[in-house]
Each structure stands twice: as C-alpha cells, then as structure tokens.
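Note: the block below is work02.txt and it holds compact mmCIF, C-alpha atoms and all ligand atoms.
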```
# COMPACT_ATOMS: atom_id res chain seq x y z
CA MET A 1 -51.16 42.93 6.85
CA SER A 2 -53.93 40.33 6.60
CA GLN A 3 -54.49 37.76 9.32
CA ALA A 4 -53.48 34.99 6.92
CA LYS A 5 -49.99 36.45 6.65
CA GLU A 6 -49.63 36.24 10.42
CA ARG A 7 -50.66 32.59 10.67
CA ARG A 8 -48.44 30.49 12.91
CA HIS A 9 -48.50 26.78 13.49
CA LEU A 10 -47.27 24.39 16.11
CA PHE A 11 -47.07 20.82 14.77
CA VAL A 12 -47.49 18.36 17.62
CA PHE A 13 -46.15 14.85 17.00
CA THR A 14 -48.07 12.53 19.27
CA GLY A 15 -49.15 8.89 19.61
CA PRO A 16 -48.26 5.88 21.73
CA ASP A 17 -44.75 5.53 23.15
CA GLY A 18 -42.38 3.96 20.64
CA SER A 19 -44.54 4.88 17.64
CA GLY A 20 -41.67 6.78 16.02
CA ARG A 21 -42.54 10.32 17.10
CA LYS A 22 -38.99 11.51 17.86
CA THR A 23 -37.39 9.83 14.84
CA ILE A 24 -39.99 11.12 12.41
CA ALA A 25 -40.44 14.58 13.93
CA ASP A 26 -36.72 15.25 13.76
CA MET A 27 -36.40 13.91 10.20
CA VAL A 28 -39.33 16.03 9.01
CA GLY A 29 -38.11 18.99 11.06
CA THR A 30 -34.65 18.79 9.50
CA THR A 31 -36.04 18.40 5.97
CA LEU A 32 -38.35 21.40 6.29
CA GLU A 33 -36.06 23.43 8.59
CA LEU A 34 -38.67 23.65 11.35
CA LYS A 35 -37.60 24.71 14.83
CA LYS A 36 -38.17 22.31 17.73
CA VAL A 37 -39.76 23.35 21.01
CA LEU A 38 -37.89 21.46 23.72
CA SER A 39 -39.60 20.06 26.81
CA TYR A 40 -38.22 20.30 30.32
CA THR A 41 -37.89 17.10 32.31
CA THR A 42 -36.71 16.04 35.74
CA ARG A 43 -35.49 12.64 34.53
CA GLU A 44 -31.84 11.92 33.89
CA ALA A 45 -30.51 12.09 30.34
CA ARG A 46 -30.31 8.65 28.74
CA GLN A 47 -27.30 7.44 26.83
CA GLY A 48 -26.95 9.47 23.64
CA GLU A 49 -29.29 12.24 24.81
CA GLN A 50 -27.95 15.77 25.00
CA GLU A 51 -28.91 18.78 27.08
CA ASP A 52 -30.68 21.45 24.98
CA GLN A 53 -31.02 19.06 22.07
CA ASP A 54 -33.32 16.30 23.34
CA TYR A 55 -34.65 17.99 26.49
CA HIS A 56 -33.80 20.64 29.01
CA PHE A 57 -32.88 18.47 32.00
CA ILE A 58 -33.67 20.26 35.26
CA SER A 59 -34.04 19.36 38.94
CA ALA A 60 -37.43 18.60 40.50
CA ASP A 61 -37.05 21.70 42.70
CA ALA A 62 -36.39 23.94 39.72
CA PHE A 63 -39.33 22.39 37.86
CA ARG A 64 -41.71 22.97 40.78
CA THR A 65 -40.57 26.57 41.14
CA GLU A 66 -41.14 27.25 37.43
CA GLU A 67 -44.51 25.54 37.66
CA ARG A 68 -45.56 27.71 40.62
CA ASN A 69 -44.52 30.76 38.61
CA GLY A 70 -46.87 29.70 35.81
CA ALA A 71 -44.09 29.14 33.27
CA PHE A 72 -45.50 25.92 31.81
CA VAL A 73 -48.38 25.77 29.36
CA GLU A 74 -48.72 22.06 30.17
CA THR A 75 -47.08 19.55 32.48
CA VAL A 76 -47.36 15.81 33.04
CA PHE A 77 -45.99 13.42 35.64
CA ILE A 78 -44.91 10.13 34.05
CA GLY A 79 -43.02 7.28 35.68
CA GLY A 80 -41.97 9.42 38.63
CA PHE A 81 -40.73 12.38 36.59
CA TYR A 82 -42.14 15.74 35.54
CA TYR A 83 -42.27 16.90 31.94
CA GLY A 84 -43.48 20.25 30.66
CA VAL A 85 -43.41 22.82 27.88
CA LYS A 86 -42.91 26.50 28.59
CA LYS A 87 -45.25 29.00 26.98
CA ALA A 88 -42.42 31.51 26.63
CA ASP A 89 -40.38 29.00 24.59
CA ILE A 90 -43.19 28.60 22.07
CA GLU A 91 -43.75 32.36 21.85
CA ARG A 92 -40.01 33.01 21.47
CA LEU A 93 -39.68 30.54 18.59
CA TRP A 94 -42.88 31.81 16.99
CA ALA A 95 -41.48 35.35 17.01
CA GLU A 96 -38.91 34.25 14.43
CA HIS A 97 -40.30 31.08 12.86
CA ARG A 98 -43.94 30.68 12.06
CA PHE A 99 -43.73 26.89 11.97
CA VAL A 100 -42.42 24.98 14.95
CA TYR A 101 -42.87 21.46 16.29
CA VAL A 102 -42.93 19.56 19.55
CA ILE A 103 -43.12 15.89 20.57
CA LEU A 104 -45.62 15.05 23.30
CA ASN A 105 -47.82 12.32 24.68
CA PRO A 106 -51.56 12.63 23.87
CA GLU A 107 -52.31 14.33 27.20
CA GLY A 108 -49.85 17.11 26.37
CA ALA A 109 -51.15 17.36 22.80
CA HIS A 110 -54.66 17.86 24.17
CA LEU A 111 -53.56 20.60 26.56
CA LEU A 112 -51.65 22.47 23.85
CA LYS A 113 -54.69 22.29 21.58
CA GLN A 114 -56.76 23.83 24.35
CA ALA A 115 -54.16 26.55 24.86
CA PHE A 116 -53.46 27.50 21.23
CA GLY A 117 -56.50 26.27 19.29
CA ASP A 118 -56.26 26.31 15.48
CA ALA A 119 -52.55 27.07 15.58
CA VAL A 120 -51.98 23.53 16.80
CA ILE A 121 -51.91 20.73 14.21
CA ARG A 122 -51.74 17.27 15.81
CA LEU A 123 -50.00 14.53 13.84
CA PHE A 124 -50.80 11.17 15.41
CA LEU A 125 -48.33 8.34 14.71
CA TYR A 126 -49.11 4.73 15.43
CA ALA A 127 -48.24 1.13 14.66
CA ASP A 128 -49.61 -2.10 16.03
CA ARG A 129 -48.72 -3.15 19.55
CA GLU A 130 -46.40 -5.98 18.47
CA ALA A 131 -44.43 -3.72 16.14
CA LEU A 132 -43.92 -1.22 18.96
CA ARG A 133 -42.82 -3.97 21.35
CA HIS A 134 -40.36 -5.30 18.79
CA ARG A 135 -38.90 -1.86 17.93
CA GLN A 136 -38.37 -0.87 21.56
CA LEU A 137 -36.79 -4.20 22.49
CA GLU A 138 -34.60 -4.01 19.42
CA ARG A 139 -33.22 -0.62 20.43
CA GLY A 140 -32.29 -2.10 23.80
CA ASP A 141 -35.07 -0.93 26.14
CA GLY A 142 -35.66 -3.28 29.08
CA VAL A 143 -38.63 -5.68 28.99
CA ALA A 144 -40.22 -4.13 32.10
CA LEU A 145 -40.03 -0.59 30.70
CA VAL A 146 -41.44 -1.68 27.34
CA GLU A 147 -44.35 -3.50 29.00
CA GLU A 148 -45.07 -0.51 31.24
CA ARG A 149 -45.24 1.75 28.18
CA LEU A 150 -47.42 -0.75 26.30
CA ALA A 151 -49.87 -0.74 29.22
CA HIS A 152 -50.82 2.78 28.05
CA TYR A 153 -51.16 1.74 24.39
CA GLU A 154 -54.97 1.58 24.22
CA ALA A 155 -55.42 4.83 26.12
CA ALA A 156 -53.01 6.59 23.77
CA MET A 157 -54.71 5.08 20.68
CA SER A 158 -58.08 6.40 21.83
CA TYR A 159 -56.80 9.92 21.14
CA LEU A 160 -56.32 9.26 17.40
CA PRO A 161 -59.81 10.43 16.25
CA GLN A 162 -59.30 13.85 17.84
CA CYS A 163 -56.13 14.58 15.90
CA GLU A 164 -56.01 16.54 12.67
CA TYR A 165 -53.93 13.80 10.95
CA ALA A 166 -53.03 10.18 11.67
CA PHE A 167 -50.31 8.06 10.05
CA GLU A 168 -49.66 4.38 10.46
CA ASN A 169 -45.88 4.23 10.72
CA VAL A 170 -44.99 0.98 8.98
CA ASP A 171 -42.29 2.04 6.54
CA LEU A 172 -40.25 4.88 8.02
CA SER A 173 -39.38 6.65 4.73
CA HIS A 174 -42.96 6.46 3.57
CA THR A 175 -44.24 7.99 6.82
CA VAL A 176 -41.67 10.79 6.69
CA PHE A 177 -42.61 11.48 3.06
CA SER A 178 -46.36 11.61 3.84
CA ILE A 179 -45.94 13.95 6.80
CA THR A 180 -43.52 16.19 4.95
CA ASN A 181 -46.12 16.56 2.20
CA VAL A 182 -48.84 17.49 4.70
CA ILE A 183 -46.71 20.12 6.41
CA GLU A 184 -45.50 21.49 3.07
CA GLN A 185 -49.10 22.30 2.22
CA TYR A 186 -49.19 24.63 5.25
CA LEU A 187 -45.89 26.20 4.20
CA ASN A 188 -47.10 26.68 0.62
CA ARG A 189 -50.39 28.16 1.78
CA GLN A 190 -48.37 30.66 3.71
CA LEU A 191 -46.35 31.59 0.61
CA LEU A 192 -49.51 31.97 -1.48
CA ASN A 193 -51.00 34.27 1.13
CA LEU A 194 -47.98 36.53 0.86
CA ASP A 195 -48.53 37.17 -2.86
N1 LIG B 201 -41.23 2.57 10.61
C1 LIG B 201 -40.33 2.08 11.47
N2 LIG B 201 -39.84 0.84 11.30
C2 LIG B 201 -38.94 0.31 12.14
N3 LIG B 201 -38.46 0.96 13.23
C3 LIG B 201 -38.91 2.21 13.46
C4 LIG B 201 -39.86 2.84 12.59
N4 LIG B 201 -40.12 4.07 13.08
C5 LIG B 201 -39.36 4.22 14.18
N5 LIG B 201 -38.63 3.11 14.41
C6 LIG B 201 -37.73 2.83 15.54
O1 LIG B 201 -38.57 2.63 16.67
C7 LIG B 201 -37.93 3.09 17.85
C8 LIG B 201 -38.87 4.08 18.56
O2 LIG B 201 -38.90 5.27 17.79
P1 LIG B 201 -38.93 6.69 18.50
O3 LIG B 201 -37.95 6.78 19.62
O4 LIG B 201 -38.81 7.69 17.42
O5 LIG B 201 -40.40 6.66 19.08
P2 LIG B 201 -41.14 7.61 20.12
O6 LIG B 201 -42.56 7.61 19.72
O7 LIG B 201 -40.43 8.93 20.18
O8 LIG B 201 -41.05 6.81 21.48
P3 LIG B 201 -40.13 6.96 22.76
O9 LIG B 201 -40.61 8.16 23.50
O10 LIG B 201 -40.34 5.68 23.47
O11 LIG B 201 -38.69 7.11 22.25
C9 LIG B 201 -36.59 3.70 17.43
O12 LIG B 201 -35.58 2.74 17.60
C10 LIG B 201 -36.81 3.99 15.94
O13 LIG B 201 -35.60 3.94 15.20
N1 LIG B 202 -47.26 16.00 28.00
C1 LIG B 202 -45.94 15.96 27.80
N2 LIG B 202 -45.38 14.78 27.44
C2 LIG B 202 -44.06 14.80 27.22
C3 LIG B 202 -43.27 15.95 27.35
N3 LIG B 202 -42.00 15.63 27.06
C4 LIG B 202 -42.01 14.34 26.73
N4 LIG B 202 -43.24 13.83 26.84
C5 LIG B 202 -43.70 12.44 26.68
O1 LIG B 202 -43.37 11.76 27.88
C6 LIG B 202 -43.21 10.37 27.59
C7 LIG B 202 -41.91 9.86 28.18
O2 LIG B 202 -40.81 10.43 27.50
P1 LIG B 202 -39.34 9.83 27.62
O3 LIG B 202 -38.48 10.70 26.72
O4 LIG B 202 -38.94 9.93 29.05
O5 LIG B 202 -39.40 8.40 27.15
C8 LIG B 202 -43.25 10.25 26.07
O6 LIG B 202 -44.58 9.86 25.71
C9 LIG B 202 -42.97 11.65 25.63
O7 LIG B 202 -43.47 11.95 24.34
C10 LIG B 202 -43.90 17.16 27.76
O8 LIG B 202 -43.28 18.22 27.92
N5 LIG B 202 -45.23 17.10 27.97
```
Would you mind giving the structure from this file in structure tokens?
Amino acid sequence: MSQAKERRHLFVFTGPDGSGRKTIADMVGTTLELKKVLSYTTREARQGEQEDQDYHFISADAFRTEERNGAFVETVFIGGFYYGVKKADIERLWAEHRFVYVILNPEGAHLLKQAFGDAVIRLFLYADREALRHRQLERGDGVALVEERLAHYEAAMSYLPQCEYAFENVDLSHTVFSITNVIEQYLNRQLLNLD
C-alpha cells in the first residue's frame, strides 16, 4: 500500500474566542461525517453542554494525574481551568477514521502542529472585534467575560499567517460552504489515491 493511501488528517479549527469555531466545526463535521476529538477540561459544564459531546469534564486532580502520566499531547491553562487533548484519543479515532477534527485556541493548534506535522491542517476563523463582541453578548455571555476574551484578540489574530487556511466568518452559511469545499478536496484526493 502506498503512503498516500495511509494519509490521515487532523483538521484544527482555531482563531479568536467567539469567532465561530464550535458552530462551524460541528456543522462541517456533521456534513462530511468527520469524527470529533474531544478535549478534557476541569471547568464546569455550561448550560446546554453535555459530557462526552462538548468536552470530557474531569476534576483538576484527575487532570494532573493524567498529565503526569504523559497522556496529553497538549495542555493549556485558561481562566483558572486546565484544558487538554489526549494523544491516545487522536490515535484511536485515526485507527478507524482518517479525517478527524478538533477545536482549539491558537496555542493548542501550534502544539498539535508540532506534534503531528503535515497531518495537521489548521483552519483559522476570524471576524472583526466588534462582530465578536456583539455575537457573544447576543448569546448571553456576561460583559466581563466577553471583554476578558477580547483582551486576547490581537494575540490570537497574530497566529493567522501560520495557518494553512484562513476564513473571515461574516456569513455563517458561506463560511461553512467554503470550509466544506476545502476539506472535500482532501477527501477526494484520498479517493483518487485509492484508484
Ligand atoms: N457568521 C456568523 N454570524 C453571526 N453569528 C455567528 C456567526 N458565526 C457564529 N456565530 C455565533 O457566534 C457565537 C460564537 O460562536 P461559537 O461558539 O461557535 O464560537 P467559538 O469560536 O467556538 O467561541 P467560544 O469558545 O467562545 O464559544 C455563537 O452564538 C454563534 O451562533
Ligand atoms: N489549547 C487548547 N485549547 C482548548 C482546548 N479545549 C478548548 N480550548 C480553548 O479554550 C478556550 C476556552 O474554551 P471554553 O469552552 O471554556 O470557552 C477556547 O479558546 C477553546 O477553543 C484544549 O484542549 N486545548
């Protein structure tokens, strides 16, 4: 079997907080039947979030133990909580599905790129600061939380040039359509290689 037939990809949806990563990743993932790699976090589930669907919610003690055991390929500490992705989860999904996706901040995207190289395709989503403020306030996030997230806006935006693709998320359907087309090219390449 040629190497091309074995090619696996991890699509990383990244960008500033509130840029539409979760909404778009899950819409594209559902359309293309991609499997999602779930992060572990020590924060509480928010209203509407579900265990094993949005995150694996675990205690800080359990997180630290797993971290000591080397389970995580990357971890971050944000707003007083730990977040991380387990290497074994990626490998397990890759064993059955060659195309999987994950939603991370730019720091996590960078670390996954370092860990998995060409297998990682970073899709950077963004919109202007005012649009992000408006969208987060509209969904009911508190002013303080929104402003705290926006304080990291410029730092997150500075990661855009390093990503394989960038999309300004103005019209949601248009963004989903554009990203679906990009990922489909990887799926089609895979099919061609199997001929
Ligand atoms: N193009 C768009 N136009 C208007 N609203 C949008 C658009 N894209 C996403 N949204 C809305 O913006 C909000 C933030 O989107 P989402 O939660 O997907 O972002 P995120 O990058 O995952 O950020 P966070 O981690 O803060 O949730 C949601 O309410 C979502 O419905
Ligand atoms: N580097 C990582 N970043 C992660 C991970 N899981 C989520 N995130 C990012 O953290 C912030 C906060 O998320 P929230 O759901 O609490 O609002 C956001 O930017 C996420 O994309 C992870 O495992 N590693």
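Rounded to one decimal, atom C2 of ligand LIG 202 (chain B) and CA of Leu187 (chain A) lie 25.8 Å from each other.
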Once you count only C-alpha atoms and all ligand atoms, what closest atom pair and distance in Å to one decimal does each residue of chain A within 9 Å of ligand LIG 202 (chain B) have, with rows by chain and rising residue number, as a tab-separated table?
```
residue	atom	partner	partner_atom	distance
A:Phe13	CA	B:LIG202	O7	8.3
A:Thr14	CA	B:LIG202	O7	6.9
A:Gly15	CA	B:LIG202	O6	7.7
A:Pro16	CA	B:LIG202	O6	6.7
A:Asp17	CA	B:LIG202	O6	5.0
A:Gly18	CA	B:LIG202	O6	8.1
A:Arg21	CA	B:LIG202	O7	7.5
A:Lys22	CA	B:LIG202	O7	7.9
A:Leu38	CA	B:LIG202	O8	7.6
A:Ser39	CA	B:LIG202	O8	4.3
A:Tyr40	CA	B:LIG202	O8	6.0
A:Thr41	CA	B:LIG202	N3	6.8
A:Arg43	CA	B:LIG202	O4	7.0
A:Glu44	CA	B:LIG202	O4	8.8
A:Ala45	CA	B:LIG202	O4	8.8
A:Arg46	CA	B:LIG202	O3	8.7
A:Asp54	CA	B:LIG202	O3	8.3
A:Tyr55	CA	B:LIG202	N3	7.7
A:Phe72	CA	B:LIG202	O8	8.9
A:Glu74	CA	B:LIG202	N5	6.5
A:Thr75	CA	B:LIG202	N5	5.5
A:Val76	CA	B:LIG202	N1	5.0
A:Phe77	CA	B:LIG202	N1	8.2
A:Ile78	CA	B:LIG202	O1	6.6
A:Gly79	CA	B:LIG202	C7	8.0
A:Phe81	CA	B:LIG202	O4	8.1
A:Tyr82	CA	B:LIG202	O8	8.1
A:Tyr83	CA	B:LIG202	O8	4.4
A:Gly84	CA	B:LIG202	O8	3.4
A:Val85	CA	B:LIG202	O8	4.6
A:Lys86	CA	B:LIG202	O8	8.3
A:Val102	CA	B:LIG202	O8	8.5
A:Ile103	CA	B:LIG202	O7	5.5
A:Leu104	CA	B:LIG202	O7	3.9
A:Asn105	CA	B:LIG202	O6	4.2
A:Pro106	CA	B:LIG202	N1	6.8
A:Glu107	CA	B:LIG202	N1	5.4
A:Gly108	CA	B:LIG202	N1	3.3
A:Ala109	CA	B:LIG202	N1	6.6
A:His110	CA	B:LIG202	N1	8.5
A:Leu111	CA	B:LIG202	N1	7.9
A:Leu112	CA	B:LIG202	N1	8.9
A:Arg149	CA	B:LIG202	O6	8.5
```
Record the distance separating CA of His56 (chain A) and CA of Thr42 (chain A), expressed in Å with one decimal.
-> 8.7 Å
Nearby residues, ligand LIG 201 (chain B), 6 Å, only C-alpha atoms and all ligand atoms, as an MDAnalysis selection string | chainID A and resid 17:23 135:136 139 169:172
Just give me the residues with any atom within 8 Å of (-49.0, 6.5, 11.4), file coordinates, counting only C-alpha atoms, written as a ChimeraX atom specification.
-> /A:19,124-127,166-170,175
Please provide as a tab-separated table (two decimals) with C-alpha atoms, in the coordinates of the input all residues within 12 Å of Glu33 (chain A), with the sequence filter that same-chain residues fewer than 2 positions apart are discarded (counting only C-alpha atoms).
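Written out: result_10.tsv:
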```tsv
chain	number	residue	atom	x	y	z
A	25	ALA	CA	-40.44	14.58	13.93
A	26	ASP	CA	-36.72	15.25	13.76
A	27	MET	CA	-36.40	13.91	10.20
A	28	VAL	CA	-39.33	16.03	9.01
A	29	GLY	CA	-38.11	18.99	11.06
A	30	THR	CA	-34.65	18.79	9.50
A	31	THR	CA	-36.04	18.40	5.97
A	35	LYS	CA	-37.60	24.71	14.83
A	36	LYS	CA	-38.17	22.31	17.73
A	97	HIS	CA	-40.30	31.08	12.86
A	98	ARG	CA	-43.94	30.68	12.06
A	99	PHE	CA	-43.73	26.89	11.97
A	100	VAL	CA	-42.42	24.98	14.95
A	101	TYR	CA	-42.87	21.46	16.29
A	180	THR	CA	-43.52	16.19	4.95
A	183	ILE	CA	-46.71	20.12	6.41
A	184	GLU	CA	-45.50	21.49	3.07
A	187	LEU	CA	-45.89	26.20	4.20
```
For CA of Tyr186 (chain A) and CA of Arg122 (chain A), determine how far apart the two atoms are, in Å to one decimal place.
-> 13.1 Å
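Restricting the calculation to only C-alpha atoms, the smallest distance between Asp89 (chain A) and any of A:Ile179, A:Val73, A:Leu160, A:Ile58 is found for A:Val73.
Each of A:Val176, A:Glu66, A:Ile24, A:Asp128 was checked against Met157 (chain A) using only C-alpha atoms; the smallest atom-to-atom distance is that of A:Asp128.
Considering only C-alpha atoms, the residue among A:Arg8, A:Leu123, A:Glu49, A:Phe116 positioned nearest to Tyr159 (chain A) is A:Leu123.
Minimum atom-to-atom distances from A:Ala119, A:Leu137, A:Val37, A:Ala144 to Lys87 (chain A) were compared using all atoms listed in the file, and the lowest value belongs to A:Val37.
Closest to Ser178 (chain A) among A:Glu147, A:Asp52, A:Glu130, A:Tyr165 is A:Tyr165, based on only C-alpha atoms.
Proximity to Ala131 (chain A) was assessed for A:Ala62, A:Ile90, A:Gln53, A:Leu150 counting all atoms listed in the file; the smallest distance is recorded for A:Leu150.
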